[in-house]
$ cat run04.cif   # mmCIF, C-alpha atoms
data_data
loop_
_atom_site.group_PDB
_atom_site.id
_atom_site.type_symbol
_atom_site.label_atom_id
_atom_site.label_comp_id
_atom_site.auth_asym_id
_atom_site.auth_seq_id
_atom_site.Cartn_x
_atom_site.Cartn_y
_atom_site.Cartn_z
ATOM 1 C CA MET A 1 -18.455 -13.839 7.332
ATOM 2 C CA PRO A 2 -17.192 -17.341 8.231
ATOM 3 C CA PRO A 3 -14.831 -19.309 5.974
ATOM 4 C CA THR A 4 -16.134 -22.004 3.657
ATOM 5 C CA LEU A 5 -14.782 -25.481 3.006
ATOM 6 C CA GLY A 6 -13.139 -26.058 -0.373
ATOM 7 C CA THR A 7 -10.364 -27.992 -2.083
ATOM 8 C CA ASN A 8 -6.956 -26.858 -3.279
ATOM 9 C CA VAL A 9 -5.115 -27.867 -6.454
ATOM 10 C CA LEU A 10 -3.907 -31.042 -4.725
ATOM 11 C CA GLY A 11 -7.437 -32.085 -3.845
ATOM 12 C CA ARG A 12 -7.019 -31.440 -0.127
ATOM 13 C CA LYS A 13 -9.836 -29.869 1.852
ATOM 14 C CA VAL A 14 -8.999 -26.370 3.107
ATOM 15 C CA LEU A 15 -10.906 -23.403 4.507
ATOM 16 C CA TYR A 16 -11.279 -20.342 2.300
ATOM 17 C CA LEU A 17 -12.322 -16.850 3.322
ATOM 18 C CA PRO A 18 -14.952 -15.073 1.205
ATOM 19 C CA SER A 19 -13.520 -13.484 -1.935
ATOM 20 C CA PHE A 20 -13.842 -9.880 -3.040
ATOM 21 C CA PHE A 21 -16.877 -10.702 -5.181
ATOM 22 C CA THR A 22 -18.614 -12.525 -2.312
ATOM 23 C CA TYR A 23 -18.187 -9.523 -0.033
ATOM 24 C CA ALA A 24 -19.246 -7.087 -2.745
ATOM 25 C CA LYS A 25 -22.404 -9.115 -3.462
ATOM 26 C CA TYR A 26 -23.263 -9.221 0.239
ATOM 27 C CA ILE A 27 -22.737 -5.466 0.665
ATOM 28 C CA VAL A 28 -25.026 -4.780 -2.306
ATOM 29 C CA GLN A 29 -27.692 -7.046 -0.783
ATOM 30 C CA VAL A 30 -27.561 -5.153 2.522
ATOM 31 C CA ASP A 31 -26.865 -1.541 1.528
ATOM 32 C CA GLY A 32 -27.425 -1.505 -2.211
ATOM 33 C CA LYS A 33 -24.774 -0.441 -4.712
ATOM 34 C CA ILE A 34 -24.169 2.760 -2.763
ATOM 35 C CA GLY A 35 -22.724 0.606 0.016
ATOM 36 C CA LEU A 36 -19.724 -0.171 -2.183
ATOM 37 C CA PHE A 37 -18.763 3.504 -2.031
ATOM 38 C CA ARG A 38 -18.599 4.014 1.732
ATOM 39 C CA GLY A 39 -15.825 6.435 2.636
ATOM 40 C CA LEU A 40 -15.373 7.592 -0.956
ATOM 41 C CA SER A 41 -15.622 11.339 -0.242
ATOM 42 C CA PRO A 42 -12.827 11.516 2.366
ATOM 43 C CA ARG A 43 -10.718 9.138 0.240
ATOM 44 C CA LEU A 44 -11.013 11.426 -2.800
ATOM 45 C CA MET A 45 -10.232 14.438 -0.635
ATOM 46 C CA SER A 46 -7.213 12.617 0.801
ATOM 47 C CA ASN A 47 -5.885 11.794 -2.664
ATOM 48 C CA ALA A 48 -6.490 15.340 -3.879
ATOM 49 C CA LEU A 49 -4.734 16.843 -0.846
ATOM 50 C CA SER A 50 -1.792 14.508 -1.360
ATOM 51 C CA THR A 51 -1.502 15.517 -5.026
ATOM 52 C CA VAL A 52 -1.730 19.232 -4.233
ATOM 53 C CA THR A 53 0.858 18.874 -1.473
ATOM 54 C CA ARG A 54 3.349 17.148 -3.760
ATOM 55 C CA GLY A 55 2.821 19.795 -6.443
ATOM 56 C CA SER A 56 3.317 22.618 -3.942
ATOM 57 C CA MET A 57 6.474 21.036 -2.563
ATOM 58 C CA LYS A 58 7.927 20.771 -6.060
ATOM 59 C CA LYS A 59 7.425 24.513 -6.432
ATOM 60 C CA VAL A 60 8.910 25.337 -3.021
ATOM 61 C CA PHE A 61 11.758 22.810 -3.358
ATOM 62 C CA PRO A 62 12.221 22.481 -7.119
ATOM 63 C CA PRO A 63 14.338 19.527 -8.238
ATOM 64 C CA ASP A 64 16.469 21.761 -10.443
ATOM 65 C CA GLU A 65 19.675 20.025 -9.537
ATOM 66 C CA MET A 66 18.261 16.529 -9.880
ATOM 67 C CA GLU A 67 20.206 14.718 -12.592
ATOM 68 C CA GLN A 68 18.814 11.733 -14.442
ATOM 69 C CA VAL A 69 20.772 8.484 -14.294
ATOM 70 C CA SER A 70 22.609 7.967 -17.577
ATOM 71 C CA ASN A 71 24.095 4.827 -19.112
ATOM 72 C CA LYS A 72 27.417 6.682 -19.318
ATOM 73 C CA ASP A 73 27.624 7.093 -15.522
ATOM 74 C CA ASP A 74 29.858 4.811 -13.521
ATOM 75 C CA MET A 75 28.346 2.784 -10.677
ATOM 76 C CA LYS A 76 29.314 5.224 -7.928
ATOM 77 C CA THR A 77 27.941 8.257 -9.768
ATOM 78 C CA SER A 78 24.696 6.579 -10.803
ATOM 79 C CA LEU A 79 24.093 5.272 -7.268
ATOM 80 C CA LYS A 80 24.516 8.786 -5.861
ATOM 81 C CA LYS A 81 21.922 10.063 -8.303
ATOM 82 C CA VAL A 82 19.467 7.306 -7.333
ATOM 83 C CA VAL A 83 19.965 8.022 -3.622
ATOM 84 C CA LYS A 84 19.426 11.744 -4.195
ATOM 85 C CA GLU A 85 16.306 11.146 -6.272
ATOM 86 C CA THR A 86 14.862 8.655 -3.763
ATOM 87 C CA SER A 87 15.540 11.011 -0.834
ATOM 88 C CA TYR A 88 13.631 13.751 -2.647
ATOM 89 C CA GLU A 89 10.700 11.411 -3.376
ATOM 90 C CA MET A 90 10.702 10.216 0.246
ATOM 91 C CA MET A 91 10.477 13.768 1.575
ATOM 92 C CA MET A 92 7.497 14.581 -0.639
ATOM 93 C CA GLN A 93 5.740 11.288 0.128
ATOM 94 C CA CYS A 94 6.148 11.596 3.907
ATOM 95 C CA VAL A 95 4.857 15.175 4.026
ATOM 96 C CA SER A 96 1.888 14.427 1.771
ATOM 97 C CA ARG A 97 1.105 11.280 3.782
ATOM 98 C CA MET A 98 1.088 13.166 7.088
ATOM 99 C CA LEU A 99 -1.210 15.906 5.781
ATOM 100 C CA ALA A 100 -3.646 13.512 4.104
ATOM 101 C CA HIS A 101 -3.700 10.846 6.837
ATOM 102 C CA PRO A 102 -6.562 12.376 8.905
ATOM 103 C CA LEU A 103 -8.861 12.048 5.898
ATOM 104 C CA HIS A 104 -7.666 8.470 5.403
ATOM 105 C CA VAL A 105 -8.616 7.678 9.017
ATOM 106 C CA ILE A 106 -12.108 9.081 8.444
ATOM 107 C CA SER A 107 -12.457 7.089 5.233
ATOM 108 C CA MET A 108 -11.496 3.829 6.951
ATOM 109 C CA ARG A 109 -13.941 4.391 9.798
ATOM 110 C CA CYS A 110 -16.753 5.177 7.394
ATOM 111 C CA MET A 111 -16.081 1.839 5.697
ATOM 112 C CA VAL A 112 -15.971 -0.391 8.782
ATOM 113 C CA GLN A 113 -19.261 1.010 10.110
ATOM 114 C CA PHE A 114 -20.856 -1.582 7.842
ATOM 115 C CA VAL A 115 -19.894 -4.339 10.307
ATOM 116 C CA GLY A 116 -21.840 -2.924 13.244
ATOM 117 C CA ARG A 117 -24.475 -1.086 11.182
ATOM 118 C CA GLU A 118 -23.421 2.182 12.832
ATOM 119 C CA ALA A 119 -23.700 5.745 11.564
ATOM 120 C CA LYS A 120 -21.224 7.468 13.838
ATOM 121 C CA TYR A 121 -19.118 8.858 10.995
ATOM 122 C CA SER A 122 -21.186 10.379 8.203
ATOM 123 C CA GLY A 123 -19.837 13.654 6.854
ATOM 124 C CA VAL A 124 -16.227 14.795 6.795
ATOM 125 C CA LEU A 125 -16.739 17.861 8.985
ATOM 126 C CA SER A 126 -18.853 16.027 11.571
ATOM 127 C CA SER A 127 -16.300 13.195 11.649
ATOM 128 C CA ILE A 128 -13.493 15.680 12.278
ATOM 129 C CA GLY A 129 -15.453 17.084 15.222
ATOM 130 C CA LYS A 130 -16.135 13.629 16.709
ATOM 131 C CA ILE A 131 -12.519 12.474 16.459
ATOM 132 C CA PHE A 132 -11.167 15.695 17.961
ATOM 133 C CA LYS A 133 -13.681 15.592 20.811
ATOM 134 C CA GLU A 134 -13.150 11.923 21.697
ATOM 135 C CA GLU A 135 -9.469 11.363 20.901
ATOM 136 C CA GLY A 136 -7.893 14.775 20.570
ATOM 137 C CA LEU A 137 -5.417 15.772 17.889
ATOM 138 C CA LEU A 138 -3.588 12.431 18.037
ATOM 139 C CA GLY A 139 -6.769 10.662 16.954
ATOM 140 C CA PHE A 140 -6.242 11.948 13.434
ATOM 141 C CA PHE A 141 -2.841 10.268 13.190
ATOM 142 C CA VAL A 142 -3.455 6.754 14.508
ATOM 143 C CA GLY A 143 -1.800 4.261 12.201
ATOM 144 C CA LEU A 144 0.432 6.910 10.638
ATOM 145 C CA ILE A 145 3.791 5.378 11.620
ATOM 146 C CA PRO A 146 3.330 2.000 9.860
ATOM 147 C CA HIS A 147 2.070 3.822 6.771
ATOM 148 C CA LEU A 148 5.151 6.055 6.742
ATOM 149 C CA LEU A 149 7.468 3.093 7.264
ATOM 150 C CA GLY A 150 5.759 1.236 4.443
ATOM 151 C CA ASP A 151 6.177 4.215 2.109
ATOM 152 C CA VAL A 152 9.860 4.605 2.976
ATOM 153 C CA VAL A 153 10.633 0.881 2.571
ATOM 154 C CA PHE A 154 8.711 0.813 -0.716
ATOM 155 C CA LEU A 155 10.522 3.804 -2.235
ATOM 156 C CA TRP A 156 14.021 2.715 -1.257
ATOM 157 C CA GLY A 157 13.437 -0.948 -2.028
ATOM 158 C CA CYS A 158 11.877 -0.284 -5.433
ATOM 159 C CA ASN A 159 14.414 2.325 -6.588
ATOM 160 C CA LEU A 160 17.526 0.523 -5.357
ATOM 161 C CA LEU A 161 16.481 -2.876 -6.681
ATOM 162 C CA ALA A 162 15.619 -1.390 -10.064
ATOM 163 C CA HIS A 163 18.952 0.432 -10.133
ATOM 164 C CA PHE A 164 21.062 -2.624 -9.317
ATOM 165 C CA ILE A 165 19.166 -4.830 -11.767
ATOM 166 C CA ASN A 166 19.597 -2.282 -14.552
ATOM 167 C CA ALA A 167 23.267 -1.792 -13.684
ATOM 168 C CA TYR A 168 24.368 -5.406 -13.207
ATOM 169 C CA LEU A 169 21.914 -7.606 -15.108
ATOM 170 C CA VAL A 170 21.011 -5.550 -18.193
ATOM 171 C CA ASP A 171 23.778 -5.727 -20.793
ATOM 172 C CA ASP A 172 23.970 -2.734 -23.143
ATOM 173 C CA SER A 173 26.283 -4.560 -25.528
ATOM 174 C CA VAL A 174 23.679 -7.139 -26.555
ATOM 175 C CA SER A 175 22.408 -6.561 -30.068
ATOM 176 C CA ASP A 176 19.105 -7.749 -31.465
ATOM 177 C CA THR A 177 20.575 -10.107 -34.075
ATOM 178 C CA PRO A 178 23.687 -12.323 -34.144
ATOM 179 C CA GLY A 179 26.775 -10.883 -35.797
ATOM 180 C CA GLY A 180 25.456 -7.355 -35.605
ATOM 181 C CA LEU A 181 23.403 -7.682 -38.814
ATOM 182 C CA GLY A 182 20.512 -5.967 -37.149
ATOM 183 C CA ASN A 183 22.667 -2.927 -36.487
ATOM 184 C CA ASP A 184 23.349 -2.458 -40.216
ATOM 185 C CA GLN A 185 19.668 -2.411 -40.957
ATOM 186 C CA ASN A 186 18.727 -0.387 -37.912
ATOM 187 C CA PRO A 187 21.572 1.599 -36.326
ATOM 188 C CA GLY A 188 19.621 2.191 -33.150
ATOM 189 C CA SER A 189 18.672 -1.431 -32.550
ATOM 190 C CA GLN A 190 21.724 -2.344 -30.450
ATOM 191 C CA PHE A 191 20.371 -0.865 -27.232
ATOM 192 C CA SER A 192 16.656 -1.311 -27.929
ATOM 193 C CA GLN A 193 16.386 -4.464 -25.854
ATOM 194 C CA ALA A 194 18.271 -2.943 -22.922
ATOM 195 C CA LEU A 195 16.152 0.213 -23.009
ATOM 196 C CA ALA A 196 12.950 -1.823 -23.168
ATOM 197 C CA ILE A 197 13.993 -3.908 -20.168
ATOM 198 C CA ARG A 198 14.980 -0.818 -18.174
ATOM 199 C CA SER A 199 11.637 0.831 -18.869
ATOM 200 C CA TYR A 200 9.800 -2.047 -17.179
ATOM 201 C CA THR A 201 12.216 -2.858 -14.356
ATOM 202 C CA LYS A 202 10.978 -0.224 -11.926
ATOM 203 C CA PHE A 203 7.346 -1.125 -12.639
ATOM 204 C CA VAL A 204 7.942 -4.809 -11.929
ATOM 205 C CA MET A 205 9.988 -4.018 -8.822
ATOM 206 C CA GLY A 206 7.164 -1.801 -7.607
ATOM 207 C CA ILE A 207 4.735 -4.714 -7.752
ATOM 208 C CA ALA A 208 7.163 -7.047 -5.966
ATOM 209 C CA VAL A 209 8.093 -4.582 -3.204
ATOM 210 C CA SER A 210 4.455 -3.563 -2.660
ATOM 211 C CA MET A 211 3.680 -7.200 -1.812
ATOM 212 C CA LEU A 212 6.450 -7.193 0.808
ATOM 213 C CA THR A 213 5.331 -3.886 2.338
ATOM 214 C CA TYR A 214 1.636 -4.857 2.451
ATOM 215 C CA PRO A 215 1.766 -5.688 6.213
ATOM 216 C CA PHE A 216 2.576 -2.026 6.955
ATOM 217 C CA LEU A 217 -0.559 -0.958 5.079
ATOM 218 C CA LEU A 218 -2.675 -3.566 6.865
ATOM 219 C CA VAL A 219 -1.419 -2.667 10.340
ATOM 220 C CA GLY A 220 -1.871 1.051 9.686
ATOM 221 C CA ASP A 221 -5.469 0.579 8.553
ATOM 222 C CA LEU A 222 -6.311 -1.686 11.498
ATOM 223 C CA MET A 223 -4.891 0.846 13.955
ATOM 224 C CA ALA A 224 -6.979 3.592 12.311
ATOM 225 C CA VAL A 225 -10.205 1.814 13.336
ATOM 226 C CA ASN A 226 -9.056 0.035 16.498
ATOM 227 C CA ASN A 227 -10.810 1.012 19.747
ATOM 228 C CA CYS A 228 -12.549 4.006 18.165
ATOM 229 C CA GLY A 229 -16.037 3.100 19.382
ATOM 230 C CA LEU A 230 -17.013 1.017 16.349
ATOM 231 C CA ARG A 231 -17.804 -2.691 16.700
ATOM 232 C CA ALA A 232 -15.308 -3.671 14.016
ATOM 233 C CA GLY A 233 -12.488 -2.265 16.143
ATOM 234 C CA LEU A 234 -13.508 -3.939 19.401
ATOM 235 C CA PRO A 235 -13.729 -7.527 20.700
ATOM 236 C CA PRO A 236 -14.813 -10.040 19.511
ATOM 237 C CA TYR A 237 -14.036 -8.676 16.037
ATOM 238 C CA SER A 238 -10.652 -7.290 16.994
ATOM 239 C CA PRO A 239 -8.478 -7.111 20.117
ATOM 240 C CA VAL A 240 -7.675 -3.692 21.537
ATOM 241 C CA PHE A 241 -4.078 -3.020 20.564
ATOM 242 C CA LYS A 242 -1.711 -0.971 22.711
ATOM 243 C CA SER A 243 0.420 0.073 19.749
ATOM 244 C CA TRP A 244 1.014 -0.749 16.099
ATOM 245 C CA ILE A 245 3.846 -3.056 17.159
ATOM 246 C CA HIS A 246 1.388 -4.979 19.347
ATOM 247 C CA CYS A 247 -0.933 -5.231 16.338
ATOM 248 C CA TRP A 248 1.908 -6.448 14.124
ATOM 249 C CA LYS A 249 2.933 -9.156 16.621
ATOM 250 C CA TYR A 250 -0.672 -10.321 17.001
ATOM 251 C CA LEU A 251 -1.164 -10.630 13.238
ATOM 252 C CA SER A 252 2.179 -12.402 12.909
ATOM 253 C CA VAL A 253 1.217 -15.025 15.493
ATOM 254 C CA GLN A 254 -2.162 -15.469 13.804
ATOM 255 C CA GLY A 255 -0.507 -15.780 10.391
ATOM 256 C CA GLN A 256 -2.557 -12.852 9.088
ATOM 257 C CA LEU A 257 0.063 -10.263 8.137
ATOM 258 C CA PHE A 258 -0.982 -10.629 4.491
ATOM 259 C CA ARG A 259 -4.719 -11.005 4.974
ATOM 260 C CA GLY A 260 -6.711 -9.096 2.392
ATOM 261 C CA SER A 261 -3.795 -8.972 -0.056
ATOM 262 C CA SER A 262 -5.527 -11.390 -2.425
ATOM 263 C CA LEU A 263 -8.914 -10.843 -4.044
ATOM 264 C CA LEU A 264 -9.497 -14.538 -4.751
ATOM 265 C CA PHE A 265 -8.591 -17.894 -3.169
ATOM 266 C CA ARG A 266 -8.045 -16.433 0.299
ATOM 267 C CA ARG A 267 -6.903 -19.479 2.239
ATOM 268 C CA VAL A 268 -7.312 -19.474 6.033
ATOM 269 C CA SER A 269 -4.056 -19.632 7.988
ATOM 270 C CA SER A 270 -3.676 -22.312 10.646
ATOM 271 C CA GLY A 271 -3.545 -19.865 13.561
ATOM 272 C CA SER A 272 -6.539 -17.752 12.559
ATOM 273 C CA CYS A 273 -9.591 -17.287 14.719
ATOM 274 C CA PHE A 274 -12.932 -15.770 13.746
ATOM 275 C CA ALA A 275 -15.631 -13.763 15.438
ATOM 276 C CA LEU A 276 -19.000 -15.353 14.751
ATOM 277 C CA GLU A 277 -22.410 -14.079 15.688
#

$ encode --input "run04.cif" --output "C-alpha cells"
Amino acid sequence: MPPTLGTNVLGRKVLYLPSFFTYAKYIVQVDGKIGLFRGLSPRLMSNALSTVTRGSMKKVFPPDEMEQVSNKDDMKTSLKKVVKETSYEMMMQCVSRMLAHPLHVISMRCMVQFVGREAKYSGVLSSIGKIFKEEGLLGFFVGLIPHLLGDVVFLWGCNLLAHFINAYLVDDSVSDTPGGLGNDQNPGSQFSQALAIRSYTKFVMGIAVSMLTYPFLLVGDLMAVNNCGLRAGLPPYSPVFKSWIHCWKYLSVQGQLFRGSSLLFRRVSSGSCFALE
C-alpha cells in the first residue's frame, strides 16, 4: 500500500506509511477476520517447541551451581555471576531458536502469501515437503544467523546494562525519609527504594535493547521469505538478496533498518522506494 501525505508536529508535510490498524482493516476487507491469523498454527508450534526445548535443556543441564547475584557481592564476584547466568541463557536460547526456526520460516511464508494472493504454503506438513523439495535442508534455516545474533546481543546487552546500572547507579544507603526517621517506623524501608528500582531495571533495559536489536529480527524475517517463489519476496516488491549481509546493507542505504518497528506514525525515510501496481 502506498504512503499517504500528512503533517508532523511542526506542521511540515511528510509521507506516512499505513499504520497497523490500516493494514488490519484492509486484510479484514480482503480475507475476513481469519486473514489476521495467517501463519498462526506454525507460530504456536514454534513457540511450544521452543518452550519444551528450554525445559528439556534445564533438566539435562540443570543450573544447580548457578548463584544469584547478591548485594553483598563485590563487583568482580557479581560480574562473574552475571556472565555465567547470561552464558547459560544464551546456550538455551540458541538451541531453542535453531530447533524452532523451521516452523518460524513456514509461519512467515504463510503470512506474506497475502501480497500475491498465493496458496503455496497451507499446512505445516505440506509446507515442510515443499521447502525440502525446492530448497533442501538449508531452506529451513534461511534467516537463522541474524536471528541468533539478535538473541545473543539482546541477552548480553540487557543483562550487562542492568547489572552495571544496579551496581553503580542504585545506592543501597538511601533511606526513604530524611534523617532515617522512616527506618524507625519501618526497619525494612532503607533498601525498599533500591530493591524496587532493581526489580524494574532489567525490564526497562529489555525494552531499550530490543529496539536496538530490531534490525536483526527484520533482516532475518525478510531472508526467510526472500526468493522463495512468493511475489512478496521477489522484484518489484523485494530485491533478491545474496546473503543477510546484503539485505542489511540494502536496508541501511534505504533507511529502512527499523521499518515496521512502530505501529503508528510510520514516517517514510528519504531513501525509500515503493513497489506500486

$ resolve_selection --input "run04.cif" --expression "the PyMOL selection byres ((chain A and resi 41) around 10)" --output "PyMOL selection string"
chain A and resi 37-40+42-46+103+106-107+110+123-124

$ write_last_selection --input "run04.cif" --atoms "C-alpha atoms" --output "CSV table (one decimal), in the coordinates of the input"
chain,number,residue,atom,x,y,z
A,37,PHE,CA,-18.8,3.5,-2.0
A,38,ARG,CA,-18.6,4.0,1.7
A,39,GLY,CA,-15.8,6.4,2.6
A,40,LEU,CA,-15.4,7.6,-1.0
A,42,PRO,CA,-12.8,11.5,2.4
A,43,ARG,CA,-10.7,9.1,0.2
A,44,LEU,CA,-11.0,11.4,-2.8
A,45,MET,CA,-10.2,14.4,-0.6
A,46,SER,CA,-7.2,12.6,0.8
A,103,LEU,CA,-8.9,12.0,5.9
A,106,ILE,CA,-12.1,9.1,8.4
A,107,SER,CA,-12.5,7.1,5.2
A,110,CYS,CA,-16.8,5.2,7.4
A,123,GLY,CA,-19.8,13.7,6.9
A,124,VAL,CA,-16.2,14.8,6.8

$ resolve_selection --input "run04.cif" --expression "the PyMOL selection byres ((chain A and resi 90) around 10)" --output "number ranges by chain"
A: 84-89, 91-96, 148, 151-156

$ atom_distance --input "run04.cif" --atom1 "CA of Phe258 in chain A" --atom2 "CA of Leu218 in chain A"
7.6 Å

$ atom_distance --input "run04.cif" --atom1 "CA of Leu251 in chain A" --atom2 "CA of Tyr237 in chain A"
13.3 Å

$ atom_distance --input "run04.cif" --atom1 "CA of Ser252 in chain A" --atom2 "CA of Lys13 in chain A"
23.9 Å
